[in-house]
file coords_6.pdb (PDB, C-alpha atoms and all ligand atoms)
ATOM      1  CA  MET A   1      29.182  16.341 -42.316
ATOM      2  CA  LYS A   2      26.799  14.501 -40.045
ATOM      3  CA  ASN A   3      28.062  14.030 -36.541
ATOM      4  CA  SER A   4      27.587  10.263 -36.583
ATOM      5  CA  ALA A   5      30.481   7.955 -35.845
ATOM      6  CA  ALA A   6      30.213   6.579 -39.354
ATOM      7  CA  SER A   7      30.532   9.955 -40.971
ATOM      8  CA  MET A   8      33.324  11.069 -38.650
ATOM      9  CA  LEU A   9      35.452   8.237 -39.945
ATOM     10  CA  THR A  10      36.563   9.271 -43.369
ATOM     11  CA  LYS A  11      38.974   7.791 -45.786
ATOM     12  CA  ALA A  12      40.161  11.138 -47.058
ATOM     13  CA  LYS A  13      41.477   9.970 -50.375
ATOM     14  CA  SER A  14      43.053   7.128 -52.203
ATOM     15  CA  LYS A  15      45.800   8.391 -54.432
ATOM     16  CA  ASN A  16      47.958   5.345 -54.841
ATOM     17  CA  ASN A  17      50.540   6.410 -57.315
ATOM     18  CA  SER A  18      50.448   3.867 -60.129
ATOM     19  CA  SER A  19      54.285   3.641 -60.165
ATOM     20  CA  LYS A  20      54.098   2.424 -56.552
ATOM     21  CA  ILE A  21      51.356  -0.098 -57.081
ATOM     22  CA  ASN A  22      53.714  -3.016 -56.328
ATOM     23  CA  ALA A  23      55.630  -1.260 -53.554
ATOM     24  CA  PRO A  24      55.142  -2.501 -49.988
ATOM     25  CA  HIS A  25      52.487  -0.719 -47.960
ATOM     26  CA  ILE A  26      52.833   0.682 -44.436
ATOM     27  CA  ILE A  27      50.095   1.896 -42.111
ATOM     28  CA  VAL A  28      51.013   4.181 -39.219
ATOM     29  CA  ILE A  29      48.373   4.612 -36.526
ATOM     30  CA  GLY A  30      49.216   7.992 -34.997
ATOM     31  CA  GLY A  31      51.033   9.122 -38.122
ATOM     32  CA  THR A  32      49.799  12.702 -38.321
ATOM     33  CA  SER A  33      52.656  14.245 -36.315
ATOM     34  CA  GLY A  34      55.866  13.656 -34.389
ATOM     35  CA  ILE A  35      57.598  10.287 -34.623
ATOM     36  CA  GLY A  36      54.769   8.660 -36.599
ATOM     37  CA  LEU A  37      54.878  11.338 -39.305
ATOM     38  CA  THR A  38      58.693  11.210 -39.515
ATOM     39  CA  LEU A  39      58.486   7.419 -39.894
ATOM     40  CA  ILE A  40      55.873   7.668 -42.628
ATOM     41  CA  LEU A  41      57.910  10.271 -44.545
ATOM     42  CA  HIS A  42      60.953   7.988 -44.301
ATOM     43  CA  HIS A  43      58.981   5.091 -45.823
ATOM     44  CA  LEU A  44      57.491   7.331 -48.512
ATOM     45  CA  GLN A  45      60.517   9.381 -49.516
ATOM     46  CA  GLN A  46      63.518   7.150 -48.721
ATOM     47  CA  LEU A  47      62.059   3.673 -49.267
ATOM     48  CA  GLY A  48      59.371   4.406 -51.874
ATOM     49  CA  TRP A  49      56.606   2.555 -49.978
ATOM     50  CA  GLN A  50      52.890   3.172 -50.256
ATOM     51  CA  VAL A  51      51.784   4.872 -47.067
ATOM     52  CA  SER A  52      48.595   5.270 -45.045
ATOM     53  CA  ILE A  53      48.170   7.128 -41.782
ATOM     54  CA  VAL A  54      45.542   7.447 -39.073
ATOM     55  CA  GLY A  55      44.990  10.402 -36.761
ATOM     56  CA  ASN A  56      42.198  12.395 -35.213
ATOM     57  CA  SER A  57      43.135  16.021 -35.783
ATOM     58  CA  ALA A  58      41.328  17.493 -38.815
ATOM     59  CA  THR A  59      43.852  20.330 -38.916
ATOM     60  CA  LYS A  60      46.825  17.968 -39.130
ATOM     61  CA  ILE A  61      45.072  15.722 -41.689
ATOM     62  CA  ASN A  62      44.160  18.673 -43.909
ATOM     63  CA  LEU A  63      47.749  19.915 -43.823
ATOM     64  CA  ILE A  64      49.117  16.476 -44.728
ATOM     65  CA  ASN A  65      46.559  16.110 -47.537
ATOM     66  CA  SER A  66      47.722  19.378 -49.057
ATOM     67  CA  GLN A  67      51.470  18.841 -48.517
ATOM     68  CA  TYR A  68      51.767  15.118 -49.295
ATOM     69  CA  PRO A  69      49.138  13.959 -51.794
ATOM     70  CA  ASN A  70      50.653  10.427 -51.849
ATOM     71  CA  ILE A  71      49.837   9.828 -48.195
ATOM     72  CA  VAL A  72      46.421   8.190 -47.744
ATOM     73  CA  THR A  73      44.794   9.601 -44.622
ATOM     74  CA  TYR A  74      42.154   8.186 -42.307
ATOM     75  CA  THR A  75      40.431  10.185 -39.576
ATOM     76  CA  CYS A  76      39.467   8.250 -36.473
ATOM     77  CA  ASP A  77      39.202   8.906 -32.762
ATOM     78  CA  LEU A  78      40.903   5.847 -31.284
ATOM     79  CA  THR A  79      39.047   6.347 -27.995
ATOM     80  CA  ASN A  80      35.712   5.808 -29.768
ATOM     81  CA  SER A  81      34.976   2.099 -30.155
ATOM     82  CA  VAL A  82      32.498   2.576 -33.015
ATOM     83  CA  GLN A  83      34.943   4.697 -35.017
ATOM     84  CA  MET A  84      37.731   2.276 -34.182
ATOM     85  CA  GLN A  85      35.790  -0.694 -35.578
ATOM     86  CA  LYS A  86      34.919   1.268 -38.734
ATOM     87  CA  LEU A  87      38.574   2.133 -39.148
ATOM     88  CA  LEU A  88      39.685  -1.485 -38.915
ATOM     89  CA  ASP A  89      36.946  -2.527 -41.347
ATOM     90  CA  SER A  90      38.183  -0.003 -43.844
ATOM     91  CA  LEU A  91      41.876  -0.900 -43.351
ATOM     92  CA  SER A  92      40.957  -4.531 -44.015
ATOM     93  CA  GLY A  93      40.958  -3.745 -47.727
ATOM     94  CA  ILE A  94      44.721  -3.043 -47.705
ATOM     95  CA  ASN A  95      47.501  -5.575 -48.227
ATOM     96  CA  PHE A  96      50.181  -4.163 -45.970
ATOM     97  CA  GLN A  97      53.665  -5.327 -45.009
ATOM     98  CA  ARG A  98      54.165  -3.161 -41.932
ATOM     99  CA  LEU A  99      51.955  -1.531 -39.330
ATOM    100  CA  ILE A 100      53.342   0.866 -36.745
ATOM    101  CA  TYR A 101      51.289   1.874 -33.713
ATOM    102  CA  SER A 102      52.682   5.286 -32.755
ATOM    103  CA  ALA A 103      49.550   6.882 -31.299
ATOM    104  CA  GLY A 104      50.098   8.114 -27.795
ATOM    105  CA  SER A 105      48.723  10.460 -25.202
ATOM    106  CA  TYR A 106      50.768  11.869 -22.374
ATOM    107  CA  LEU A 107      50.543  14.515 -19.670
ATOM    108  CA  ASN A 108      53.050  15.488 -17.050
ATOM    109  CA  GLU A 109      51.675  13.189 -14.359
ATOM    110  CA  ARG A 110      54.435  14.288 -11.986
ATOM    111  CA  VAL A 111      52.550  17.541 -11.539
ATOM    112  CA  HIS A 112      48.981  16.768 -12.655
ATOM    113  CA  GLN A 113      46.506  14.600 -10.784
ATOM    114  CA  LEU A 114      44.616  12.835 -13.562
ATOM    115  CA  ASN A 115      40.881  13.431 -13.775
ATOM    116  CA  GLN A 116      38.524  10.753 -15.106
ATOM    117  CA  THR A 117      38.630  12.051 -18.682
ATOM    118  CA  ASP A 118      42.441  12.190 -18.871
ATOM    119  CA  SER A 119      42.720   8.821 -17.211
ATOM    120  CA  ASP A 120      40.288   7.163 -19.667
ATOM    121  CA  LYS A 121      42.071   8.750 -22.624
ATOM    122  CA  ILE A 122      45.593   7.738 -21.582
ATOM    123  CA  LEU A 123      44.547   4.120 -21.046
ATOM    124  CA  ALA A 124      42.488   3.981 -24.267
ATOM    125  CA  ILE A 125      45.150   5.384 -26.594
ATOM    126  CA  ASN A 126      48.312   3.993 -25.033
ATOM    127  CA  PHE A 127      46.999   0.504 -24.417
ATOM    128  CA  GLN A 128      43.428  -0.457 -25.336
ATOM    129  CA  ALA A 129      43.398   0.814 -28.936
ATOM    130  CA  PHE A 130      46.941  -0.524 -29.383
ATOM    131  CA  GLU A 131      45.867  -4.028 -28.316
ATOM    132  CA  GLN A 132      42.766  -3.889 -30.526
ATOM    133  CA  THR A 133      44.930  -2.821 -33.467
ATOM    134  CA  PHE A 134      47.527  -5.570 -32.927
ATOM    135  CA  ARG A 135      44.785  -8.190 -32.513
ATOM    136  CA  TRP A 136      43.169  -7.131 -35.788
ATOM    137  CA  ALA A 137      46.490  -6.703 -37.648
ATOM    138  CA  SER A 138      47.831 -10.102 -36.626
ATOM    139  CA  GLU A 139      44.695 -11.875 -37.905
ATOM    140  CA  HIS A 140      44.820  -9.808 -41.096
ATOM    141  CA  LEU A 141      48.492 -10.687 -41.704
ATOM    142  CA  LYS A 142      47.962 -14.398 -41.056
ATOM    143  CA  ILE A 143      45.290 -14.549 -43.769
ATOM    144  CA  GLN A 144      47.251 -12.276 -46.087
ATOM    145  CA  ASN A 145      50.366 -14.468 -45.746
ATOM    146  CA  GLN A 146      48.392 -17.501 -46.915
ATOM    147  CA  LEU A 147      47.095 -15.682 -49.975
ATOM    148  CA  LEU A 148      50.115 -13.654 -51.057
ATOM    149  CA  ASP A 149      53.711 -14.571 -51.650
ATOM    150  CA  PHE A 150      55.855 -11.742 -50.271
ATOM    151  CA  LYS A 151      59.528 -11.321 -50.964
ATOM    152  CA  ILE A 152      61.813 -12.213 -48.032
ATOM    153  CA  ASN A 153      62.803  -8.589 -47.398
ATOM    154  CA  ASP A 154      59.127  -7.682 -47.125
ATOM    155  CA  ARG A 155      58.554  -9.980 -44.139
ATOM    156  CA  PRO A 156      55.421  -8.565 -42.515
ATOM    157  CA  SER A 157      55.987  -6.660 -39.302
ATOM    158  CA  LEU A 158      54.027  -5.154 -36.453
ATOM    159  CA  ILE A 159      55.809  -2.375 -34.581
ATOM    160  CA  CYS A 160      54.736  -0.387 -31.536
ATOM    161  CA  ILE A 161      56.198   2.750 -30.020
ATOM    162  CA  ALA A 162      56.290   2.301 -26.256
ATOM    163  CA  SER A 163      58.577   4.342 -24.005
ATOM    164  CA  ILE A 164      61.595   3.880 -21.819
ATOM    165  CA  ALA A 165      59.215   4.854 -19.003
ATOM    166  CA  GLY A 166      57.645   1.414 -19.417
ATOM    167  CA  THR A 167      60.885  -0.465 -18.798
ATOM    168  CA  MET A 168      60.939   0.249 -15.059
ATOM    169  CA  ASP A 169      58.707  -1.326 -12.446
ATOM    170  CA  TYR A 170      57.983   0.757  -9.357
ATOM    171  CA  PRO A 171      54.858   1.602  -7.330
ATOM    172  CA  TYR A 172      54.574   5.306  -8.178
ATOM    173  CA  ALA A 173      54.855   4.829 -11.935
ATOM    174  CA  SER A 174      52.428   7.018 -13.879
ATOM    175  CA  LEU A 175      49.428   5.622 -15.744
ATOM    176  CA  TYR A 176      51.347   6.477 -18.934
ATOM    177  CA  ALA A 177      54.339   4.399 -17.766
ATOM    178  CA  LYS A 178      52.095   1.521 -16.678
ATOM    179  CA  SER A 179      50.228   1.563 -20.016
ATOM    180  CA  LYS A 180      53.528   1.501 -21.916
ATOM    181  CA  ARG A 181      54.740  -1.320 -19.662
ATOM    182  CA  ALA A 182      51.600  -3.263 -20.588
ATOM    183  CA  MET A 183      52.280  -2.488 -24.257
ATOM    184  CA  ILE A 184      55.825  -3.874 -23.935
ATOM    185  CA  ALA A 185      54.505  -7.093 -22.344
ATOM    186  CA  ALA A 186      51.720  -7.459 -24.932
ATOM    187  CA  ALA A 187      54.129  -6.921 -27.828
ATOM    188  CA  SER A 188      56.362  -9.649 -26.410
ATOM    189  CA  ALA A 189      53.393 -12.049 -26.287
ATOM    190  CA  TYR A 190      52.404 -11.183 -29.867
ATOM    191  CA  ARG A 191      56.008 -11.728 -30.969
ATOM    192  CA  ALA A 192      56.020 -15.232 -29.506
ATOM    193  CA  ALA A 193      52.552 -16.033 -30.875
ATOM    194  CA  LEU A 194      53.306 -14.770 -34.401
ATOM    195  CA  ALA A 195      56.729 -16.370 -34.771
ATOM    196  CA  PRO A 196      55.225 -19.578 -36.296
ATOM    197  CA  TYR A 197      53.570 -17.369 -38.925
ATOM    198  CA  ASP A 198      56.853 -15.599 -39.759
ATOM    199  CA  ILE A 199      55.412 -12.257 -38.700
ATOM    200  CA  GLN A 200      57.928  -9.955 -37.025
ATOM    201  CA  VAL A 201      56.983  -7.961 -33.921
ATOM    202  CA  ASN A 202      59.213  -5.252 -32.444
ATOM    203  CA  CYS A 203      58.634  -2.827 -29.617
ATOM    204  CA  MET A 204      60.467   0.506 -29.300
ATOM    205  CA  ALA A 205      61.198   1.864 -25.828
ATOM    206  CA  SER A 206      62.459   5.314 -26.589
ATOM    207  CA  GLY A 207      63.899   8.037 -24.401
ATOM    208  CA  TYR A 208      62.959  11.688 -24.970
ATOM    209  CA  ILE A 209      62.325  12.743 -28.558
ATOM    210  CA  ASP A 210      62.095  16.413 -29.480
ATOM    211  CA  THR A 211      58.547  16.471 -30.884
ATOM    212  CA  GLN A 212      56.027  19.313 -30.796
ATOM    213  CA  ALA A 213      53.907  17.288 -28.348
ATOM    214  CA  LEU A 214      56.823  17.068 -25.871
ATOM    215  CA  ARG A 215      57.688  20.747 -26.378
ATOM    216  CA  ASP A 216      54.046  21.695 -25.738
ATOM    217  CA  LEU A 217      54.234  19.920 -22.382
ATOM    218  CA  ASN A 218      57.367  21.873 -21.506
ATOM    219  CA  ASP A 219      56.350  25.461 -22.279
ATOM    220  CA  GLY A 220      57.626  25.229 -25.844
ATOM    221  CA  ASP A 221      61.141  23.939 -25.114
ATOM    222  CA  ALA A 222      62.129  20.387 -24.167
ATOM    223  CA  SER A 223      65.884  20.850 -24.651
ATOM    224  CA  HIS A 224      66.516  20.384 -20.906
ATOM    225  CA  LYS A 225      65.276  16.773 -21.069
ATOM    226  CA  PRO A 226      68.155  14.331 -20.546
ATOM    227  CA  PHE A 227      69.642  12.832 -23.717
ATOM    228  CA  ILE A 228      66.820  14.235 -25.874
ATOM    229  CA  MET A 229      67.136  13.299 -29.557
ATOM    230  CA  SER A 230      65.688  14.601 -32.820
ATOM    231  CA  THR A 231      62.836  12.759 -34.541
ATOM    232  CA  GLN A 232      65.288  11.917 -37.350
ATOM    233  CA  THR A 233      67.675  10.212 -34.898
ATOM    234  CA  ALA A 234      64.740   8.337 -33.356
ATOM    235  CA  VAL A 235      63.692   7.086 -36.798
ATOM    236  CA  GLU A 236      67.257   5.862 -37.454
ATOM    237  CA  HIS A 237      67.158   3.887 -34.182
ATOM    238  CA  ILE A 238      63.717   2.465 -35.016
ATOM    239  CA  MET A 239      64.615   1.464 -38.576
ATOM    240  CA  GLN A 240      67.829  -0.213 -37.355
ATOM    241  CA  ALA A 241      65.913  -2.116 -34.670
ATOM    242  CA  ILE A 242      63.431  -3.336 -37.310
ATOM    243  CA  THR A 243      66.268  -4.438 -39.618
ATOM    244  CA  ASP A 244      68.001  -6.232 -36.726
ATOM    245  CA  ASP A 245      64.662  -7.639 -35.495
ATOM    246  CA  ILE A 246      65.221  -6.481 -31.897
ATOM    247  CA  GLU A 247      62.367  -7.589 -29.640
ATOM    248  CA  LEU A 248      62.570  -4.569 -27.330
ATOM    249  CA  ALA A 249      64.772  -1.734 -28.570
ATOM    250  CA  ILE A 250      65.721   0.648 -25.751
ATOM    251  CA  PHE A 251      67.407   3.842 -26.942
ATOM    252  CA  PRO A 252      69.409   6.041 -26.772
ATOM    253  CA  ARG A 253      72.203   3.924 -25.323
ATOM    254  CA  SER A 254      72.845   6.367 -22.437
ATOM    255  CA  MET A 255      69.244   6.016 -21.237
ATOM    256  CA  ARG A 256      69.380   2.255 -21.673
ATOM    257  CA  TYR A 257      72.396   2.066 -19.335
ATOM    258  CA  ILE A 258      70.749   4.343 -16.756
ATOM    259  CA  THR A 259      67.485   2.377 -16.641
ATOM    260  CA  ARG A 260      69.406  -0.905 -16.542
ATOM    261  CA  ALA A 261      71.413   0.363 -13.557
ATOM    262  CA  LEU A 262      68.277   1.661 -11.800
ATOM    263  CA  ASN A 263      66.512  -1.670 -12.332
ATOM    264  CA  GLN A 264      69.384  -3.425 -10.552
ATOM    265  CA  LEU A 265      69.038  -1.315  -7.392
ATOM    266  CA  PRO A 266      67.288  -2.883  -4.393
ATOM    267  CA  LYS A 267      63.537  -2.236  -4.848
ATOM    268  CA  PRO A 268      63.098  -0.065  -1.719
ATOM    269  CA  LEU A 269      65.971   2.206  -2.840
ATOM    270  CA  LEU A 270      64.592   2.476  -6.392
ATOM    271  CA  ASN A 271      61.125   3.272  -4.999
ATOM    272  CA  TRP A 272      62.566   5.951  -2.714
ATOM    273  CA  ILE A 273      64.583   7.588  -5.511
ATOM    274  CA  LEU A 274      61.671   7.647  -7.936
ATOM    275  CA  ARG A 275      59.179   8.771  -5.328
ATOM    276  CA  SER A 276      61.416  11.711  -4.378
ATOM    277  CA  LYS A 277      61.124  12.828  -8.039
ATOM    278  CA  LEU A 278      57.342  13.182  -7.741
ATOM    279  CA  ASP A 279      56.068  16.737  -7.432
ATOM    280  CA  LYS A 280      52.562  15.724  -6.334
ATOM    281  CA  LYS A 281      51.426  14.053  -3.125
ATOM    282  CA  LYS A 282      50.428  10.389  -3.350
TER     283      LYS A 282
HETATM  284  N1  LIG A 301      58.223  12.439 -27.699
HETATM  285  C1  LIG A 301      58.788  11.677 -26.780
HETATM  286  O1  LIG A 301      59.664  12.118 -26.021
HETATM  287  C2  LIG A 301      58.422  10.222 -26.671
HETATM  288  C3  LIG A 301      59.273   9.385 -25.924
HETATM  289  C4  LIG A 301      58.942   8.030 -25.829
HETATM  290  C5  LIG A 301      57.805   7.542 -26.455
HETATM  291  N2  LIG A 301      57.000   8.393 -27.159
HETATM  292  C6  LIG A 301      55.801   7.824 -27.779
HETATM  293  O2  LIG A 301      55.873   8.076 -29.168
HETATM  294  C7  LIG A 301      54.564   8.176 -29.713
HETATM  295  C8  LIG A 301      54.434   9.448 -30.531
HETATM  296  O3  LIG A 301      54.665  10.561 -29.694
HETATM  297  P1  LIG A 301      54.960  12.022 -30.285
HETATM  298  O4  LIG A 301      55.815  12.717 -29.306
HETATM  299  O5  LIG A 301      55.374  11.911 -31.707
HETATM  300  O6  LIG A 301      53.512  12.688 -30.128
HETATM  301  P2  LIG A 301      52.429  13.241 -31.197
HETATM  302  O7  LIG A 301      53.075  14.060 -32.252
HETATM  303  O8  LIG A 301      51.377  13.877 -30.350
HETATM  304  O9  LIG A 301      51.865  11.920 -31.872
HETATM  305  C9  LIG A 301      50.810  11.218 -31.326
HETATM  306  C10 LIG A 301      49.971  10.666 -32.444
HETATM  307  O10 LIG A 301      48.870   9.979 -31.827
HETATM  308  C11 LIG A 301      47.673  10.393 -32.465
HETATM  309  N3  LIG A 301      46.537  10.368 -31.543
HETATM  310  C12 LIG A 301      46.483  10.846 -30.285
HETATM  311  N4  LIG A 301      45.245  10.713 -29.794
HETATM  312  C13 LIG A 301      44.493  10.141 -30.776
HETATM  313  C14 LIG A 301      43.150   9.742 -30.885
HETATM  314  N5  LIG A 301      42.263   9.897 -29.880
HETATM  315  N6  LIG A 301      42.721   9.199 -32.049
HETATM  316  C15 LIG A 301      43.590   9.036 -33.080
HETATM  317  N7  LIG A 301      44.879   9.380 -33.039
HETATM  318  C16 LIG A 301      45.326   9.931 -31.902
HETATM  319  C17 LIG A 301      47.954  11.824 -32.889
HETATM  320  O11 LIG A 301      47.058  12.151 -33.948
HETATM  321  P3  LIG A 301      46.096  13.445 -33.913
HETATM  322  O12 LIG A 301      46.828  14.531 -33.201
HETATM  323  O13 LIG A 301      45.825  13.671 -35.349
HETATM  324  O14 LIG A 301      44.882  12.993 -33.153
HETATM  325  C18 LIG A 301      49.385  11.738 -33.354
HETATM  326  O15 LIG A 301      49.446  11.324 -34.693
HETATM  327  C19 LIG A 301      53.610   8.130 -28.518
HETATM  328  O16 LIG A 301      53.109   6.827 -28.386
HETATM  329  C20 LIG A 301      54.508   8.457 -27.333
HETATM  330  O17 LIG A 301      54.038   7.871 -26.146
HETATM  331  C21 LIG A 301      57.278   9.713 -27.279
END
call {"tool": "encode", "arguments": {"input": "coords_6.pdb", "output": "structure tokens"}}
result
Amino acid sequence: MKNSAASMLTKAKSKNNSSKINAPHIIVIGGTSGIGLTLILHHLQQLGWQVSIVGNSATKINLINSQYPNIVTYTCDLTNSVQMQKLLDSLSGINFQRLIYSAGSYLNERVHQLNQTDSDKILAINFQAFEQTFRWASEHLKIQNQLLDFKINDRPSLICIASIAGTMDYPYASLYAKSKRAMIAAASAYRAALAPYDIQVNCMASGYIDTQALRDLNDGDASHKPFIMSTQTAVEHIMQAITDDIELAIFPRSMRYITRALNQLPKPLLNWILRSKLDKKK
């Protein structure tokens, strides 16, 4: 394969099962592993939806292609603007009812000083590509809504996976937390702007989820993380929040109560507590 941006973006295959031709369609950006993959398998296996995913790892995509031939896969590096535009052009051919932005990049910023490359990547994946995707998807859904007559229970929806880290405002917050905070605010603006078009927007602010990515950051075991949940439990929370149309779903409940209590502390006390948790000098 040529190393041009155009050739790096590949629509791996289009195997829309004919029995599913009228089923709703979901796209998950960042669907090759972790929460995104669990969500896509839920839509495919439990709900019978047509499913498309985007990711950048050839290894993960090849594995999914061989294990789940009904999942349509797209390879794209979301940090590359040329590939990103090609991706959106190719997704424009799909009539979809739901898009979930689950792509994310995180490092343990409590111990690592970010270099320029890490910093660019965290901002690009956790915020810039998310905003570009939501901007494109909202325009796509507005036009699609005019042309197609969806059933009520297929109300189109845009969903993003933020983090509970983005629900707190304090000076030493990591770039990851600040990017997720920006995502939460942007999703809220999109929700207000798309309400007249009957397009649903929900943002998920999750606590720790036991994914391979989190385990990799914790020497293979993340079980010590407070109130950590399985990907299956996270998907149950997310699906319930979509059904209930919750603007910002913060889960699990224990973490929601803790962050709510912390947010009610006087700012200087909150700043002192959170700063004392930092392992690096500021
Ligand atoms: N796990 C947690 O404790 C937790 C808690 C709160 C929120 N979250 C959020 O949940 C989301 C999923 O996290 P996860 O733990 O499931 O991690 P994950 O398995 O690493 O999933 C991240 C996804 O993003 C994709 N991605 C990353 N960089 C990309 C790039 N440059 N181009 C295209 N795709 C890219 C990955 O695809 P490829 O690998 O194929 O590139 C993968 O599909 C993230 O947004 C994360 O911030 C996680």
call {"tool": "resolve_selection", "arguments": {"input": "coords_6.pdb", "expression": "the PyMOL selection byres (((chain A and resi 205) around 8) and not hetatm)", "output": "PyMOL selection string"}}
result
chain A and resi 161-167+203-204+206-207+248-251
call {"tool": "axis_aligned_box", "arguments": {"input": "coords_6.pdb", "around": "ligand LIG 301 (chain A)", "padding_each_side": "3 Å", "output": "lines of an AutoDock Vina configuration file"}}
result
center_x = 51.0
center_y = 10.7
center_z = -30.6
size_x = 23.4
size_y = 13.7
size_z = 15.5
call {"tool": "residues_around", "arguments": {"input": "coords_6.pdb", "residues": "Asn202 in chain A", "least_positions_apart": "3", "cutoff": "7 Å", "atoms": "all atoms listed in the file", "output": "PDB file with C-alpha atoms, keeping the file's coordinate frame"}}
result
ATOM      1  CA  LEU A 158      54.027  -5.154 -36.453  1.00  0.00           C
ATOM      2  CA  ILE A 159      55.809  -2.375 -34.581  1.00  0.00           C
ATOM      3  CA  CYS A 160      54.736  -0.387 -31.536  1.00  0.00           C
ATOM      4  CA  ILE A 242      63.431  -3.336 -37.310  1.00  0.00           C
ATOM      5  CA  ASP A 245      64.662  -7.639 -35.495  1.00  0.00           C
ATOM      6  CA  ILE A 246      65.221  -6.481 -31.897  1.00  0.00           C
ATOM      7  CA  GLU A 247      62.367  -7.589 -29.640  1.00  0.00           C
ATOM      8  CA  LEU A 248      62.570  -4.569 -27.330  1.00  0.00           C
TER       9      LEU A 248
END
call {"tool": "residues_near_ligand", "arguments": {"input": "coords_6.pdb", "ligand": "ligand LIG 301 (chain A)", "cutoff": "6 Å", "atoms": "all atoms listed in the file", "output": "compact mmCIF listing (two decimals) with C-alpha atoms, keeping the file's coordinate frame"}}
result
# COMPACT_ATOMS: atom_id res chain seq x y z
CA GLY A 30 49.22 7.99 -35.00
CA GLY A 31 51.03 9.12 -38.12
CA THR A 32 49.80 12.70 -38.32
CA SER A 33 52.66 14.24 -36.32
CA GLY A 34 55.87 13.66 -34.39
CA ILE A 35 57.60 10.29 -34.62
CA GLY A 36 54.77 8.66 -36.60
CA GLY A 55 44.99 10.40 -36.76
CA ASN A 56 42.20 12.40 -35.21
CA SER A 57 43.14 16.02 -35.78
CA LYS A 60 46.82 17.97 -39.13
CA CYS A 76 39.47 8.25 -36.47
CA ASP A 77 39.20 8.91 -32.76
CA LEU A 78 40.90 5.85 -31.28
CA THR A 79 39.05 6.35 -28.00
CA SER A 102 52.68 5.29 -32.76
CA ALA A 103 49.55 6.88 -31.30
CA GLY A 104 50.10 8.11 -27.80
CA SER A 105 48.72 10.46 -25.20
CA ILE A 161 56.20 2.75 -30.02
CA ALA A 162 56.29 2.30 -26.26
CA SER A 163 58.58 4.34 -24.00
CA SER A 206 62.46 5.31 -26.59
CA GLY A 207 63.90 8.04 -24.40
CA TYR A 208 62.96 11.69 -24.97
CA ILE A 209 62.32 12.74 -28.56
CA ASP A 210 62.10 16.41 -29.48
CA THR A 211 58.55 16.47 -30.88
CA ALA A 213 53.91 17.29 -28.35
CA LEU A 214 56.82 17.07 -25.87
call {"tool": "resolve_selection", "arguments": {"input": "coords_6.pdb", "expression": "the PyMOL selection byres (((chain A and resi 274) around 12) and not hetatm)", "output": "list in words"}}
result
Arg110, Ala165, Met168, Asp169, Tyr170, Pro171, Tyr172, Ala173, Ser174, Thr259, Leu262, Asn263, Leu265, Lys267, Pro268, Leu269, Leu270, Asn271, Trp272, Ile273, Arg275, Ser276, Lys277, Leu278 and Asp279 of chain A
call {"tool": "closest_residue", "arguments": {"input": "coords_6.pdb", "among": "A:Gln128, A:Arg253, A:Gln144, A:Tyr101", "to": "His237 in chain A", "atoms": "only C-alpha atoms"}}
result
A:Arg253
call {"tool": "closest_residue", "arguments": {"input": "coords_6.pdb", "among": "A:Ala192, A:Ala177, A:Ile27, A:Leu47", "to": "Leu87 in chain A", "atoms": "all atoms listed in the file"}}
result
A:Ile27
call {"tool": "closest_residue", "arguments": {"input": "coords_6.pdb", "among": "A:Ser223, A:Gln264, A:Gln97, A:Thr117", "to": "Ile199 in chain A", "atoms": "all atoms listed in the file"}}
result
A:Gln97
call {"tool": "resolve_selection", "arguments": {"input": "coords_6.pdb", "expression": "the PyMOL selection byres (((chain A and resi 44) around 12) and not hetatm)", "output": "PyMOL selection string"}}
result
chain A and resi 16-17+20+23-28+37-43+45-53+68-72
call {"tool": "decode", "arguments": {"input": "coords_6.pdb", "residues": "range 258-266 of chain A", "atoms": "N, CA and C atoms", "output": "CSV table (one decimal), in the first residue's frame"}}
result
chain,number,residue,atom,x,y,z
A,258,ILE,N,-19.0,11.6,45.0
A,258,ILE,CA,-17.7,12.1,45.4
A,258,ILE,C,-17.4,13.4,44.7
A,259,THR,N,-17.5,13.4,43.4
A,259,THR,CA,-17.2,14.6,42.6
A,259,THR,C,-18.1,15.7,42.9
A,260,ARG,N,-19.4,15.4,43.2
A,260,ARG,CA,-20.3,16.4,43.5
A,260,ARG,C,-19.9,17.1,44.9
A,261,ALA,N,-19.5,16.2,45.8
A,261,ALA,CA,-19.1,16.8,47.1
A,261,ALA,C,-17.8,17.6,47.0
A,262,LEU,N,-16.9,17.1,46.2
A,262,LEU,CA,-15.6,17.8,46.0
A,262,LEU,C,-15.9,19.2,45.3
A,263,ASN,N,-16.8,19.2,44.4
A,263,ASN,CA,-17.1,20.5,43.7
A,263,ASN,C,-17.8,21.5,44.6
A,264,GLN,N,-18.3,21.0,45.7
A,264,GLN,CA,-18.9,22.0,46.6
A,264,GLN,C,-18.0,22.5,47.7
A,265,LEU,N,-16.7,22.0,47.7
A,265,LEU,CA,-15.7,22.5,48.6
A,265,LEU,C,-15.3,23.9,48.2
A,266,PRO,N,-14.8,24.7,49.2
A,266,PRO,CA,-14.3,26.0,48.8
A,266,PRO,C,-13.1,25.8,47.8
